[in-house]
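Take a look at the structure set out below.
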Amino acid sequence: MRNTRSFSIGPLPIGGGAPVTVQSMTNTDTRDAAATLAQVRALAQAGCDIVRLSVYDEQCLEALPAIIGGAPVPLVADIHYRADLAVGAMERGIAKVRINPGNIGSVSEVRRVADCAKMHHVPIRIGVNSGSVEKEILAREGGVTARGMLQSALGHARLLEEAGFHDIVLSLKASSVPLTVEAYRLAAKETDYPLHVGVTEAGLPGAGNIKSAIGIGALLLDGIGDTVRVSLTGSPIPEAAAAIDILRAVGLRTGYVNVVSCPTCGRTGIDVAAIARRVEAELSDIRVPLTVAVMGCVVNGPGEAREADIGLAGGGLSRAGGSAGGEGSAYAVGAIFEKGKAPEKVEGDLAAILIERARRLARERAAQA
Ligand code: SF4
């Protein structure tokens, strides 16, 4: 992991090897404190460690105490152009501010924001997007480049540094995945500020998830990134799950059940998809690392799922026939394979058998921990 400055967003540490956090942003009208607080809570429930909200006028400021008071996670105020709103949000207890100091006016305005942030121990994120790079930099670079994005971010940072403020987080997002990755890699090399990583305007869920996973995932695998946001058009709630899936895929969140399942083929003897879905849903509350495999055949399944702690290999539908009802519950025969033990032939509701065995294993793991 990259060596960065470290400080806190409310009670949450960022940088310096602290766990990578997940954040998202509300899309309710911030002036509607009840609706915004409800969405902050829903985002926290979905797995967000930090939630950002737009603060664009005095009415938003007035709503902040109620939202902050009821929020289960630290909140970030997203502010453009107005130092007075940044100061107002900090005075009302916001945990972090996102503002670009180059856009807030005179040196004395920047100093006012920096002094207030210092007094309240509030970090500031400088958020440069490919669309926000200054004209002079674009002219010098001949268009939007990773180097130009970093120069823009460092230009904003310099204003805070000159005011004696260094609790800075940088973001350099583009909607192009290669440009995003290049900009963050450059920033990681040239600065020691913690980085908020994400691909901006990634689009709708689906393609947006893939762009985010490639961009954020590539950076995290390089050890770059201290907090992540997946940006998807529409409700922000799916952003949290998408970000958590990315952290799991790169091995940064391990206390959960990882379901591996085969793609199925002509040898498949059981309803792998239905059983895998049921296993994933019914074991989602487990908080120890456990890999559970659902494989379609006894010929290749156990070999292909060698990394799993416990798995099921399907043999075919049971001659006894019948059904216990519900998805993935048709009676079938198969084998349970568990690390270090001989495979065991099983018959019946295979999903239920696998779930029960996996739970027992999770309990044993938890007791050992
Ligand atoms: S585990 Fe068996 S059923 Fe599944 S894809 Fe491999 S060979 Fe096919």
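In the structure tokens, chains take letters A, B, ... by order of appearance, with residues numbered from 1 within each chain and ligands from 1 in the order shown.
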May I have all residues of segment 132-243 of chain A that DSSP, computed from the backbone, assigns to helix (DSSP H, G or I), given as a short mmCIF file (atom, residue, chain, number, x, y, z; two decimals) with C-alpha atoms, in the first residue's frame?
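part-v6.cif was written with the following content:
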```
data_model
loop_
_atom_site.label_atom_id
_atom_site.label_comp_id
_atom_site.auth_asym_id
_atom_site.auth_seq_id
_atom_site.Cartn_x
_atom_site.Cartn_y
_atom_site.Cartn_z
CA SER A 132 -12.85 21.12 -14.55
CA LYS A 135 -8.13 26.77 -19.57
CA GLU A 136 -4.43 27.70 -19.22
CA ILE A 137 -3.54 24.09 -18.38
CA LEU A 138 -5.64 22.77 -21.27
CA ALA A 139 -3.89 25.17 -23.63
CA ARG A 140 -0.46 24.18 -22.33
CA GLU A 141 -1.20 20.45 -22.48
CA ALA A 146 -3.44 13.09 -16.75
CA ARG A 147 -0.58 15.51 -16.13
CA GLY A 148 -2.88 18.48 -16.61
CA MET A 149 -5.42 17.04 -14.17
CA LEU A 150 -2.68 16.57 -11.58
CA GLN A 151 -1.33 20.09 -12.17
CA SER A 152 -4.84 21.43 -11.60
CA ALA A 153 -5.23 19.47 -8.34
CA LEU A 154 -1.78 20.52 -7.10
CA GLY A 155 -2.54 24.14 -7.97
CA HIS A 156 -5.62 24.02 -5.71
CA ALA A 157 -3.64 22.19 -3.03
CA ARG A 158 -0.90 24.82 -3.10
CA LEU A 159 -3.40 27.49 -2.06
CA LEU A 160 -4.26 25.47 1.06
CA GLU A 161 -0.61 24.64 1.73
CA GLU A 162 0.23 28.35 1.58
CA VAL A 177 -11.07 4.68 -17.46
CA PRO A 178 -7.51 4.82 -18.94
CA LEU A 179 -7.27 8.58 -18.23
CA THR A 180 -8.55 8.11 -14.68
CA VAL A 181 -6.04 5.36 -13.95
CA GLU A 182 -3.16 7.32 -15.49
CA ALA A 183 -4.02 10.45 -13.48
CA TYR A 184 -4.17 8.60 -10.16
CA ARG A 185 -0.95 6.69 -10.85
CA LEU A 186 0.78 9.98 -11.52
CA ALA A 187 -0.69 11.53 -8.36
CA ALA A 188 0.42 8.52 -6.31
CA LYS A 189 3.96 8.96 -7.56
CA GLU A 190 4.17 12.71 -7.05
CA ALA A 207 -21.66 -0.70 -17.93
CA GLY A 208 -21.03 1.80 -15.10
CA ASN A 209 -20.17 -1.01 -12.71
CA ILE A 210 -17.69 -2.47 -15.19
CA LYS A 211 -15.95 0.89 -15.82
CA SER A 212 -15.74 1.52 -12.07
CA ALA A 213 -14.50 -1.98 -11.32
CA ILE A 214 -11.75 -1.74 -13.92
CA GLY A 215 -10.66 1.79 -12.95
CA ILE A 216 -10.92 1.51 -9.17
CA GLY A 217 -9.83 -2.14 -9.17
CA ALA A 218 -6.69 -1.48 -11.21
CA LEU A 219 -5.67 1.31 -8.81
CA LEU A 220 -6.42 -0.66 -5.66
CA LEU A 221 -4.37 -3.58 -6.98
CA ILE A 237 -27.86 2.80 -2.99
CA PRO A 238 -26.40 0.32 -5.55
CA GLU A 239 -23.14 2.31 -5.50
CA ALA A 240 -22.34 0.97 -2.02
CA ALA A 241 -22.76 -2.68 -2.99
CA ALA A 242 -20.73 -2.12 -6.17
CA ALA A 243 -17.87 -0.51 -4.21
#
```
Contact residues around segment 54-69 of chain A with only C-alpha atoms at 8 Å, ignoring same-chain residues under 5 positions, as a PyMOL selection string: chain A and resi 26+30-34+36-37+74-75+77-80+85+88-89+92-94
Step by step, measure atom-to-atom distances between ligand 1 and each residue using only C-alpha atoms and all ligand atoms, keep those at most 7 Å, then write them as an MDAnalysis selection string. chainID A and resid 262:269 295:301 304
Identify, on the basis of only C-alpha atoms, every residue whose closest approach to Ile99 of chain A does not exceed 10 Å; exclude the query and any residue fewer than 2 positions from it along the same chain; express the result as JSON, numbers by chain. {"A": [77, 78, 79, 80, 81, 82, 83, 86, 96, 97, 101, 102, 103, 104, 113, 124, 125, 126, 127, 128, 156]}
Okay, now the selection with C-alpha atoms, as a compact mmCIF listing (two decimals), in the first residue's frame?
```txt
# COMPACT_ATOMS: atom_id res chain seq x y z
CA ALA A 77 -20.25 18.72 2.30
CA ASP A 78 -19.84 19.17 -1.45
CA ILE A 79 -19.44 22.89 -2.08
CA HIS A 80 -18.67 24.95 -5.15
CA TYR A 81 -17.38 28.50 -5.28
CA ARG A 82 -18.59 29.74 -1.86
CA ALA A 83 -16.19 29.96 1.08
CA ALA A 86 -17.73 25.79 3.57
CA LYS A 96 -15.12 16.85 5.67
CA VAL A 97 -15.50 19.41 2.90
CA PRO A 101 -9.87 26.41 -3.37
CA GLY A 102 -8.98 27.96 -6.74
CA ASN A 103 -12.68 28.59 -7.31
CA ILE A 104 -13.60 30.27 -4.05
CA VAL A 113 -11.64 28.19 4.88
CA ILE A 124 -10.63 19.06 2.63
CA ARG A 125 -10.96 17.08 -0.58
CA ILE A 126 -9.86 18.77 -3.74
CA GLY A 127 -11.90 17.17 -6.49
CA VAL A 128 -10.59 17.68 -10.00
CA HIS A 156 -5.62 24.02 -5.71
```
Please, what distance in Å, to one decimal, runs between atom CA of Tyr331 of chain A and atom CA of Gly315 of chain A? 11.0 Å
I'd like the contact shell of Thr254 of chain A - 9 Å cut-off, only C-alpha atoms, skipping same-chain residues fewer than 4 positions apart - returned as a list in words.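 In the requested format, the answer is Leu247, Arg248, Asn258, Arg287, Val288, Pro289 and Leu290 of chain A.
By chain and then residue number, the residues within 8 Å of Val87 of chain A are Ala83, Asp84, Met90, Glu91, Arg112, Val113, Cys116 and Ala117 of chain A, counting only C-alpha atoms and disregarding those fewer than 3 positions away in sequence.
In terms of minimum interatomic distance to Ser231 of chain A, A:Ala174 ranks closest within A:Ala174, A:Leu195, A:Ile286, A:Val20, counting only C-alpha atoms.
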Between A:Gly255, A:Gly70, A:Gly234, A:Gly311, which one has atoms that come closest to Ile353 of chain A, using only C-alpha atoms?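 Under the stated criterion, the closest residue is A:Gly311.
Reported to one decimal place, the separation of atom CA of Pro194 of chain A from atom CA of Gly223 of chain A is 11.5 Å.
Between atom CA of Gly16 of chain A and atom CA of Asp167 of chain A the interatomic distance comes to 12.3 Å.
For Ser235 of chain A, the non-local neighbours within 10 Å, defined as residues at least 6 positions apart in the same chain or in other chains and counting only C-alpha atoms, are Met25, Thr26, Asn27, Thr28, Gln39 and Pro205 of chain A.
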Writer output for current selection, C-alpha atoms, as a PDB file, in the first residue's frame:
```
ATOM      1  CA  MET A  25     -23.494  10.741  -2.311  1.00  0.00           C
ATOM      2  CA  THR A  26     -27.131  11.546  -1.626  1.00  0.00           C
ATOM      3  CA  ASN A  27     -29.348  12.678  -4.495  1.00  0.00           C
ATOM      4  CA  THR A  28     -32.144  14.099  -2.339  1.00  0.00           C
ATOM      5  CA  GLN A  39     -31.076   8.365   2.392  1.00  0.00           C
ATOM      6  CA  PRO A 205     -25.619   0.357 -13.499  1.00  0.00           C
TER       7      PRO A 205
END
```
Quick one: of A:Gly348, A:Val333, A:Ile310, A:Met119, who's nearest to Leu361 of chain A, counting only C-alpha atoms?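 Smallest distance to Leu361 of chain A is found for A:Ile310.
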Determine which residues of segment 37-158 of chain A DSSP labels as strand (DSSP E or B) from the backbone of this structure, then write them out as JSON, numbers by chain. {"A": [50, 51, 52, 53, 54, 75, 76, 77, 78, 96, 97, 98, 124, 125, 126, 127, 128, 129]}
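Restricting the calculation to only C-alpha atoms, the smallest distance between Tyr256 of chain A and any of A:Ala342, A:Val144, A:Pro236, A:Ile244 is found for A:Ile244.
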Of A:Val272, A:Val51, A:Val122, A:Ala71, the one sitting nearest His166 of chain A when using only C-alpha atoms is A:Val122
Using only C-alpha atoms, determine which residues lie at most 10 Å from Ser8 of chain A, disregarding the query and same-chain residues fewer than 3 positions distant; provide the list as a list in words.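 Contacts, with the query itself left out: Pro11, Leu12, Pro13, Ile14, Gly15, Ala18, Ala95, Lys96, His121, Val122, Pro123 and Asp167 of chain A.
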Keeping only C-alpha atoms, write the selected residues to a file as a short mmCIF file (atom, residue, chain, number, x, y, z; two decimals), in the first residue's frame.
```
data_model
loop_
_atom_site.label_atom_id
_atom_site.label_comp_id
_atom_site.auth_asym_id
_atom_site.auth_seq_id
_atom_site.Cartn_x
_atom_site.Cartn_y
_atom_site.Cartn_z
CA PRO A 11 -13.86 9.16 13.79
CA LEU A 12 -12.65 7.41 10.61
CA PRO A 13 -8.92 7.35 9.85
CA ILE A 14 -7.87 7.90 6.24
CA GLY A 15 -4.45 7.26 4.71
CA ALA A 18 -6.01 2.70 7.26
CA ALA A 95 -16.70 15.96 9.02
CA LYS A 96 -15.12 16.85 5.67
CA HIS A 121 -10.06 19.28 12.37
CA VAL A 122 -11.93 18.95 9.08
CA PRO A 123 -10.04 17.58 6.06
CA ASP A 167 -5.10 17.57 5.67
#
```
